[in-house]
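Trainee: My structure file input17.cif, mmCIF, C-alpha atoms and all ligand atoms, is below:
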data_start
#
loop_
_atom_site.label_atom_id
_atom_site.label_comp_id
_atom_site.auth_asym_id
_atom_site.auth_seq_id
_atom_site.Cartn_x
_atom_site.Cartn_y
_atom_site.Cartn_z
CA MET A 161 0.00 0.00 0.00
CA SER A 162 1.11 3.54 -0.63
CA THR A 163 -1.24 5.83 1.21
CA ASP A 164 0.89 8.94 1.44
CA ARG A 165 0.73 9.89 -2.25
CA VAL A 166 -2.98 10.56 -2.56
CA LYS A 167 -4.21 13.93 -1.34
CA ARG A 168 -6.50 15.31 -4.02
CA VAL A 169 -9.02 13.09 -5.80
CA CYS A 170 -11.40 13.73 -8.70
CA VAL A 171 -14.69 11.81 -8.90
CA ILE A 172 -16.06 11.81 -12.44
CA GLY A 173 -19.78 11.06 -12.44
CA ALA A 174 -20.00 12.28 -8.85
CA SER A 175 -23.76 12.85 -8.80
CA GLY A 176 -24.78 9.22 -9.46
CA LYS A 177 -25.29 6.61 -6.77
CA LEU A 178 -21.82 5.14 -7.08
CA GLY A 179 -20.29 8.58 -7.43
CA GLN A 180 -21.90 9.92 -4.26
CA TYR A 181 -20.70 6.93 -2.27
CA MET A 182 -17.19 7.53 -3.58
CA VAL A 183 -17.31 11.22 -2.69
CA ARG A 184 -18.34 10.35 0.86
CA LEU A 185 -15.63 7.71 1.28
CA ALA A 186 -12.96 9.97 -0.19
CA LEU A 187 -13.91 12.78 2.20
CA GLU A 188 -13.82 10.33 5.13
CA ARG A 189 -10.24 9.51 4.17
CA GLY A 190 -9.35 13.19 4.33
CA TYR A 191 -8.89 13.65 0.59
CA GLU A 192 -9.59 16.94 -1.08
CA VAL A 193 -12.40 16.11 -3.53
CA VAL A 194 -13.31 17.54 -6.93
CA GLY A 195 -16.54 16.21 -8.46
CA VAL A 196 -17.65 16.33 -12.09
CA CYS A 197 -21.28 15.92 -13.08
CA ARG A 198 -23.76 17.20 -15.61
CA GLU A 199 -24.89 20.77 -14.92
CA ARG A 200 -28.47 19.71 -14.16
CA SER A 201 -27.26 17.15 -11.60
CA VAL A 202 -25.27 19.57 -9.45
CA PRO A 203 -28.15 19.82 -6.89
CA LYS A 204 -27.71 16.10 -6.21
CA LEU A 205 -24.40 16.99 -4.56
CA ALA A 206 -26.00 19.46 -2.13
CA ALA A 207 -25.12 17.24 0.84
CA PHE A 208 -21.43 17.85 0.10
CA LYS A 209 -21.78 21.60 -0.48
CA ASP A 210 -18.79 23.51 0.94
CA ARG A 211 -16.79 20.28 1.30
CA ILE A 212 -16.06 19.55 -2.36
CA THR A 213 -15.33 21.51 -5.52
CA VAL A 214 -17.84 20.81 -8.28
CA VAL A 215 -16.92 21.19 -11.94
CA PRO A 216 -20.21 21.04 -13.86
CA GLY A 217 -20.27 19.68 -17.38
CA PRO A 218 -20.41 16.60 -19.57
CA THR A 219 -17.83 14.05 -18.46
CA ASP A 220 -16.66 13.52 -22.04
CA ASP A 221 -15.76 17.20 -22.47
CA PRO A 222 -11.94 17.36 -22.54
CA GLU A 223 -11.90 20.93 -21.25
CA VAL A 224 -14.16 20.08 -18.29
CA ILE A 225 -12.00 17.09 -17.42
CA ARG A 226 -8.73 19.01 -17.86
CA ARG A 227 -9.88 21.56 -15.29
CA ALA A 228 -11.26 18.97 -12.90
CA VAL A 229 -8.25 16.62 -12.77
CA ASP A 230 -5.70 19.40 -12.49
CA GLY A 231 -3.49 18.64 -9.49
CA CYS A 232 -5.28 15.37 -8.68
CA ASP A 233 -3.30 12.34 -7.53
CA GLY A 234 -6.22 10.02 -8.15
CA VAL A 235 -9.19 9.97 -10.52
CA LEU A 236 -12.25 7.79 -9.90
CA THR A 237 -14.34 7.50 -13.06
CA VAL A 238 -17.86 6.09 -13.32
CA LEU A 239 -17.94 4.74 -16.87
CA VAL A 240 -21.53 4.62 -18.10
CA PRO A 241 -22.76 3.57 -21.53
CA TRP A 242 -25.74 5.92 -21.70
CA GLY A 243 -26.76 7.47 -24.99
CA VAL A 244 -25.30 6.73 -28.43
CA ARG A 245 -22.65 9.41 -28.68
CA GLN A 246 -19.52 7.59 -27.47
CA TYR A 247 -19.96 9.00 -23.99
CA ALA A 248 -17.97 6.28 -22.19
CA SER A 249 -15.00 6.29 -24.58
CA GLY A 250 -15.04 10.10 -24.68
CA THR A 251 -14.96 10.20 -20.89
CA ALA A 252 -12.16 7.63 -20.63
CA GLN A 253 -10.12 9.38 -23.33
CA ALA A 254 -10.45 12.77 -21.63
CA VAL A 255 -9.20 11.26 -18.36
CA LEU A 256 -6.32 9.43 -20.06
CA ASP A 257 -5.31 12.61 -21.90
CA HIS A 258 -5.50 15.05 -19.02
CA ALA A 259 -4.76 13.28 -15.73
CA ARG A 260 -1.27 14.03 -14.53
CA PRO A 261 1.35 11.42 -15.40
CA GLY A 262 1.60 8.89 -12.59
CA ALA A 263 -1.87 9.60 -11.18
CA ARG A 264 -3.91 6.58 -10.07
CA LEU A 265 -6.83 6.13 -12.45
CA VAL A 266 -9.68 3.88 -11.33
CA PHE A 267 -12.61 3.15 -13.67
CA SER A 268 -15.91 1.34 -13.03
CA CYS A 269 -17.67 -1.05 -15.38
CA GLY A 270 -19.40 -4.43 -15.32
CA TRP A 271 -18.36 -8.06 -15.66
CA HIS A 272 -19.11 -7.97 -19.40
CA ILE A 273 -15.81 -6.18 -19.97
CA THR A 274 -12.98 -8.63 -20.55
CA ARG A 275 -9.35 -7.67 -20.60
CA ASP A 276 -7.73 -10.80 -21.92
CA GLY A 277 -10.64 -12.91 -23.18
CA LYS A 278 -10.12 -15.46 -20.41
CA ASP A 279 -13.36 -14.71 -18.59
CA THR A 280 -16.02 -17.38 -18.88
CA TYR A 281 -19.66 -16.35 -18.92
CA SER A 282 -22.89 -18.27 -18.59
CA ARG A 283 -25.07 -18.43 -21.71
CA MET A 284 -27.70 -16.37 -19.91
CA PHE A 285 -25.20 -13.63 -19.12
CA THR A 286 -23.85 -13.48 -22.67
CA LEU A 287 -27.36 -13.45 -24.11
CA GLY A 288 -28.42 -10.70 -21.70
CA VAL A 289 -25.47 -8.50 -22.69
CA ARG A 290 -26.13 -9.09 -26.41
CA ILE A 291 -29.80 -8.20 -26.06
CA ALA A 292 -28.97 -5.10 -24.02
CA ALA A 293 -26.42 -4.06 -26.64
CA VAL A 294 -28.79 -4.48 -29.59
CA VAL A 295 -31.97 -3.13 -27.97
CA GLY A 296 -30.07 -0.35 -26.20
CA LYS A 297 -28.64 0.88 -29.48
CA LEU A 298 -31.96 0.52 -31.32
CA VAL A 299 -33.75 2.76 -28.84
CA ARG A 300 -30.67 5.01 -28.72
CA ALA A 301 -30.38 4.69 -24.93
CA VAL A 302 -27.34 2.50 -24.30
CA GLU A 303 -24.08 1.86 -26.13
CA ILE A 304 -22.47 -1.21 -24.59
CA ASP A 305 -19.90 -1.45 -27.40
CA ASP A 306 -18.64 1.99 -26.51
CA GLN A 307 -18.05 1.00 -22.89
CA VAL A 308 -16.00 -1.91 -24.29
CA GLU A 309 -14.05 0.57 -26.43
CA ALA A 310 -13.52 2.85 -23.43
CA CYS A 311 -11.97 0.01 -21.47
CA ARG A 312 -9.83 -1.09 -24.42
CA ARG A 313 -8.32 2.40 -24.48
CA VAL A 314 -7.67 2.23 -20.75
CA PHE A 315 -6.06 -1.24 -21.02
CA ASP A 316 -3.83 -0.05 -23.87
CA SER A 317 -2.75 3.10 -22.08
CA GLY A 318 0.52 3.40 -20.26
CA THR A 319 -1.22 4.91 -17.23
CA ARG A 320 -1.52 3.53 -13.69
CA TRP A 321 -5.07 2.26 -14.20
CA THR A 322 -7.40 -0.17 -12.47
CA VAL A 323 -10.68 -1.21 -14.10
CA VAL A 324 -13.08 -2.46 -11.43
CA ARG A 325 -15.65 -4.83 -12.88
CA GLY A 326 -18.82 -4.86 -10.79
CA SER A 327 -21.32 -7.70 -10.48
CA THR A 328 -25.04 -6.98 -10.27
CA LEU A 329 -25.37 -4.18 -7.75
CA GLU A 330 -27.76 -3.77 -4.83
CA GLU A 331 -28.31 -1.19 -2.13
CA GLY A 332 -27.76 -1.97 1.53
CA ASP A 333 -25.27 -1.52 4.33
CA SER A 334 -21.62 -2.20 3.71
CA GLN A 335 -20.36 -5.77 4.01
CA GLY A 336 -16.75 -4.58 3.84
CA LEU A 337 -14.27 -4.69 0.99
CA PRO A 338 -15.48 -7.02 -1.81
CA VAL A 339 -13.38 -10.03 -2.75
CA TRP A 340 -12.18 -10.27 -6.31
CA SER A 341 -10.88 -12.50 -9.01
CA ALA A 342 -8.97 -11.74 -12.19
CA HIS A 343 -11.56 -13.66 -14.21
CA VAL A 344 -15.31 -13.98 -14.36
CA GLY A 345 -16.18 -17.66 -14.09
CA ASP A 346 -14.19 -18.08 -10.89
CA PRO A 347 -16.55 -19.84 -8.42
CA VAL A 348 -15.90 -17.11 -5.86
CA LEU A 349 -17.96 -14.74 -8.00
CA ALA A 350 -20.95 -17.06 -8.50
CA SER A 351 -23.30 -15.12 -6.20
CA ASP A 352 -23.13 -12.14 -8.56
CA ARG A 353 -24.11 -9.50 -5.97
CA THR A 354 -22.24 -6.52 -4.59
CA ARG A 355 -23.53 -3.71 -2.44
CA ARG A 356 -23.11 -0.46 -4.34
CA VAL A 357 -21.46 1.14 -1.31
CA ASP A 358 -18.86 -1.64 -1.37
CA PHE A 359 -18.21 -1.16 -5.09
CA ALA A 360 -17.40 2.44 -4.13
CA LEU A 361 -15.24 1.24 -1.25
CA PHE A 362 -13.24 -0.99 -3.59
CA MET A 363 -12.72 1.89 -6.03
CA VAL A 364 -11.52 4.27 -3.32
CA GLU A 365 -9.27 1.66 -1.70
CA ALA A 366 -7.75 0.92 -5.11
CA LEU A 367 -6.29 4.44 -5.14
CA THR A 368 -3.74 3.38 -2.56
CA ASP A 369 -3.35 -0.29 -3.44
CA ASP A 370 -0.48 -0.62 -5.88
CA THR A 371 -1.11 -4.35 -6.29
CA LEU A 372 -4.20 -3.35 -8.30
CA VAL A 373 -2.30 -1.22 -10.83
CA ARG A 374 -3.06 -2.56 -14.34
CA GLU A 375 -5.51 -5.12 -12.97
CA ALA A 376 -9.17 -5.58 -13.92
CA PRO A 377 -10.61 -7.15 -10.77
CA ALA A 378 -14.09 -8.67 -11.01
CA ILE A 379 -15.66 -8.15 -7.61
CA VAL A 380 -18.34 -9.75 -5.46
CA GLY A 381 -19.71 -8.94 -2.00
CA ARG A 382 -17.55 -10.43 0.70
CA LEU A 383 -20.50 -11.85 2.65
CA THR A 384 -22.19 -13.47 -0.35
CA PRO A 385 -22.43 -17.29 -0.26
CA SER A 386 -19.90 -17.78 -3.07
CA ALA A 387 -17.38 -15.45 -1.45
CA LEU A 388 -17.76 -17.17 1.92
CA ALA A 389 -17.37 -20.59 0.33
CA HIS A 390 -14.41 -19.87 -1.95
CA ALA A 391 -12.59 -16.73 -0.86
CA ASP A 392 -9.49 -18.55 0.38
CA GLY A 393 -8.38 -19.63 -3.06
CA THR A 394 -8.73 -16.25 -4.73
CA ARG A 395 -6.84 -13.03 -4.94
CA ASP A 396 -8.65 -11.50 -2.02
CA HIS A 397 -7.02 -8.25 -1.03
CA ALA A 398 -9.38 -7.49 1.82
N1 LIG B 1 -26.32 -1.15 -12.11
C1 LIG B 1 -25.74 -2.33 -12.03
O1 LIG B 1 -26.32 -3.36 -11.59
C2 LIG B 1 -24.29 -2.48 -12.45
C3 LIG B 1 -23.74 -3.76 -12.55
C4 LIG B 1 -22.40 -3.89 -12.85
C5 LIG B 1 -21.63 -2.78 -13.05
N2 LIG B 1 -22.18 -1.54 -13.00
C6 LIG B 1 -21.32 -0.38 -13.21
O2 LIG B 1 -21.41 0.45 -12.08
C7 LIG B 1 -21.21 1.81 -12.46
C8 LIG B 1 -22.31 2.66 -11.88
O3 LIG B 1 -23.53 2.14 -12.28
P1 LIG B 1 -24.87 2.48 -11.53
O4 LIG B 1 -25.94 1.70 -12.19
O5 LIG B 1 -24.69 2.31 -10.06
O6 LIG B 1 -25.10 3.99 -11.90
P2 LIG B 1 -25.06 5.30 -11.02
O7 LIG B 1 -24.10 5.22 -9.91
O8 LIG B 1 -26.43 5.65 -10.70
O9 LIG B 1 -24.45 6.34 -12.05
C9 LIG B 1 -25.06 6.66 -13.22
C10 LIG B 1 -24.21 7.78 -13.83
O10 LIG B 1 -24.59 7.93 -15.17
C11 LIG B 1 -24.92 9.30 -15.39
N3 LIG B 1 -25.98 9.35 -16.39
C12 LIG B 1 -27.23 8.88 -16.29
N4 LIG B 1 -27.90 9.09 -17.45
C13 LIG B 1 -27.03 9.71 -18.29
C14 LIG B 1 -27.09 10.19 -19.63
N5 LIG B 1 -28.21 10.07 -20.35
N6 LIG B 1 -26.00 10.76 -20.15
C15 LIG B 1 -24.87 10.88 -19.44
N7 LIG B 1 -24.75 10.45 -18.16
C16 LIG B 1 -25.81 9.87 -17.60
C17 LIG B 1 -25.37 9.81 -14.05
O11 LIG B 1 -25.20 11.20 -14.04
P3 LIG B 1 -26.36 12.17 -13.50
O12 LIG B 1 -26.26 12.16 -11.99
O13 LIG B 1 -25.99 13.45 -14.11
O14 LIG B 1 -27.69 11.62 -13.96
C18 LIG B 1 -24.37 9.10 -13.14
O15 LIG B 1 -23.13 9.75 -13.09
C19 LIG B 1 -21.11 1.82 -13.98
O16 LIG B 1 -19.76 1.83 -14.36
C20 LIG B 1 -21.73 0.49 -14.38
O17 LIG B 1 -21.21 0.01 -15.60
C21 LIG B 1 -23.50 -1.37 -12.69
#
Could you express the structure from this file as structure tokens?
Mentor:
Amino acid sequence: MSTDRVKRVCVIGASGKLGQYMVRLALERGYEVVGVCRERSVPKLAAFKDRITVVPGPTDDPEVIRRAVDGCDGVLTVLVPWGVRQYASGTAQAVLDHARPGARLVFSCGWHITRDGKDTYSRMFTLGVRIAAVVGKLVRAVEIDDQVEACRRVFDSGTRWTVVRGSTLEEGDSQGLPVWSAHVGDPVLASDRTRRVDFALFMVEALTDDTLVREAPAIVGRLTPSALAHADGTRDHA
């Protein structure tokens, strides 16, 4: 662990559920926090008024991101595939282009992202992702392919990245730091449930965990049945 390097952190997509959890956790750790969110979503950050700096704007706007990440040691990015205008890849690219060299960059996505093709998915999961990709694009609401492209750019970058791959999310009290595996298909992940607050916890902890640099951990709640049954044999960094 290297905790001393991180002082100022940018949360991109700060107004969403995951983003707000990350803002709270980052403040609890004593980090100075800059949040980026769409202009109309700024009121969602009212609870943090006076404690964080908000840079309003689209997260794929290079100028917005350049201003927001200035001087930040860590950047926590919520990568979302909404719309059909390359929002996820635009957001990732802006972060890759403007974060300071050496900054810790942590991105969120789902299990459907694969880094090395060694993940194994159930037929149901693969079918679900395909349907979401096709229908999402047809109704111009979701662009799964672009989230894949965003992550490809992150994987190919020379930055100090971590791509955290979340299972199905649920609300609820924290169960502690999720356990993780390098590959979907590992029995430890079978329960496919993570508390959203714990997804945020994993992202924030990753800022200071150098063992996660250039890793794409797939996470699951640490108190889920599969984690309790199999955690010993996995790369559990809790
Ligand atoms: N939901 C799940 O079960 C699940 C499962 C696995 C992985 N994940 C991953 O977890 C992360 C967070 O997902 P979440 O479901 O929990 O979402 P979330 O935290 O509620 O965040 C949604 C984000 O998307 C933004 N957004 C919503 N509609 C938008 C639009 N039309 N254009 C641009 N931005 C828009 C929101 O900004 P505003 O506040 O401005 O609306 C917010 O920043 C994502 O990386 C996702 O891939 C989610």
Trainee: Considering all atoms listed in the file, return as an MDAnalysis selection string whatever protein or nucleic-acid residues lie within 6 Å of stretch 222-231 of chain A, sequence-local ones (same chain, fewer than 3 positions apart) excluded.
Mentor: chainID A and resid 170 254 258:259
Trainee: Given the point (-25.0, -4.4, 5.7) in the file's coordinates, find the residues that have an atom at most 12 Å from it, counting all atoms listed in the file, and give them as a CSV table (one decimal) with C-alpha atoms, keeping the file's coordinate frame.
Mentor:
chain,number,residue,atom,x,y,z
A,330,GLU,CA,-27.8,-3.8,-4.8
A,331,GLU,CA,-28.3,-1.2,-2.1
A,332,GLY,CA,-27.8,-2.0,1.5
A,333,ASP,CA,-25.3,-1.5,4.3
A,334,SER,CA,-21.6,-2.2,3.7
A,335,GLN,CA,-20.4,-5.8,4.0
A,336,GLY,CA,-16.8,-4.6,3.8
A,337,LEU,CA,-14.3,-4.7,1.0
A,354,THR,CA,-22.2,-6.5,-4.6
A,355,ARG,CA,-23.5,-3.7,-2.4
A,356,ARG,CA,-23.1,-0.5,-4.3
A,357,VAL,CA,-21.5,1.1,-1.3
A,358,ASP,CA,-18.9,-1.6,-1.4
A,381,GLY,CA,-19.7,-8.9,-2.0
A,382,ARG,CA,-17.6,-10.4,0.7
A,383,LEU,CA,-20.5,-11.8,2.6
A,384,THR,CA,-22.2,-13.5,-0.4
Trainee: Neighbouring residues of ligand LIG 1 (chain B) are defined here as those with any atom at most 7 Å from a ligand atom, counting all atoms listed in the file; list them as a compact mmCIF listing (two decimals) with C-alpha atoms, keeping the file's coordinate frame.
Mentor:
# COMPACT_ATOMS: atom_id res chain seq x y z
CA GLY A 173 -19.78 11.06 -12.44
CA ALA A 174 -20.00 12.28 -8.85
CA SER A 175 -23.76 12.85 -8.80
CA GLY A 176 -24.78 9.22 -9.46
CA LYS A 177 -25.29 6.61 -6.77
CA LEU A 178 -21.82 5.14 -7.08
CA GLY A 179 -20.29 8.58 -7.43
CA CYS A 197 -21.28 15.92 -13.08
CA ARG A 198 -23.76 17.20 -15.61
CA ARG A 200 -28.47 19.71 -14.16
CA SER A 201 -27.26 17.15 -11.60
CA VAL A 238 -17.86 6.09 -13.32
CA LEU A 239 -17.94 4.74 -16.87
CA VAL A 240 -21.53 4.62 -18.10
CA TRP A 242 -25.74 5.92 -21.70
CA GLY A 243 -26.76 7.47 -24.99
CA TYR A 247 -19.96 9.00 -23.99
CA SER A 268 -15.91 1.34 -13.03
CA CYS A 269 -17.67 -1.05 -15.38
CA GLY A 270 -19.40 -4.43 -15.32
CA TRP A 271 -18.36 -8.06 -15.66
CA ARG A 325 -15.65 -4.83 -12.88
CA GLY A 326 -18.82 -4.86 -10.79
CA SER A 327 -21.32 -7.70 -10.48
CA THR A 328 -25.04 -6.98 -10.27
CA LEU A 329 -25.37 -4.18 -7.75
CA GLU A 330 -27.76 -3.77 -4.83
CA ARG A 356 -23.11 -0.46 -4.34
Trainee: When you draw a straight line from atom CA of A:Ile172 to atom CA of A:Gln246, how long is it in Å?
Mentor: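 Taking atom CA of A:Ile172 and atom CA of A:Gln246, their separation equals 16.0 Å.
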Trainee: For A:Leu256, which residue out of A:Lys167, A:Arg313, A:His390, A:His343 is the nearest one, using only C-alpha atoms?
Mentor: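 Checking each candidate against A:Leu256, we get A:Arg313 as the closest.
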Trainee: Please determine, counting only C-alpha atoms, which residue among A:Arg353, A:Arg320, A:Lys278, A:Lys297 has the shortest atom-to-atom distance to A:Leu372.
Mentor: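 Going through A:Arg353, A:Arg320, A:Lys278, A:Lys297 one by one, the smallest distance to A:Leu372 is for A:Arg320.
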Trainee: Could you tell me how far atom CA of A:Arg165 lies from atom CA of A:Ala342, in Å and to one decimal?
Mentor: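 Atom CA of A:Ala342 lies 25.7 Å from atom CA of A:Arg165.
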Trainee: Pick the closest to A:Asp220 from A:Ile304, A:Cys232, A:Ala252, A:Val324: which is it, counting all atoms listed in the file?
Mentor: A:Ala252
Trainee: I'd like the contact shell of A:Glu192 - 8 Å cut-off, all atoms listed in the file, skipping same-chain residues fewer than 5 positions apart - returned as a PDB file with C-alpha atoms, in the coordinates of the input.
Mentor:
ATOM      1  CA  LYS A 167      -4.210  13.930  -1.340  1.00  0.00           C
ATOM      2  CA  ARG A 168      -6.500  15.310  -4.020  1.00  0.00           C
ATOM      3  CA  VAL A 169      -9.020  13.090  -5.800  1.00  0.00           C
ATOM      4  CA  ALA A 186     -12.960   9.970  -0.190  1.00  0.00           C
ATOM      5  CA  LEU A 187     -13.910  12.780   2.200  1.00  0.00           C
ATOM      6  CA  ILE A 212     -16.060  19.550  -2.360  1.00  0.00           C
TER       7      ILE A 212
END
Trainee: Can you work out the spacing between atom CA of A:Glu309 and atom CA of A:Gln253 in Å, to one decimal?
Mentor: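 Between these atoms lies a distance of 10.1 Å.
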Trainee: Of the candidates A:Val235, A:Val202, A:Val339, A:Val194, which one gets nearest to A:Leu367 if we count all atoms listed in the file?
Mentor: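 Looking only at the distances to A:Leu367, the closest residue turns out to be A:Val235.
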Trainee: So, with all atoms listed in the file as the atoms that count, which of A:Glu199, A:Pro338, A:Ala292, A:Pro241 lies closest to A:Glu365?
Mentor: A:Pro338
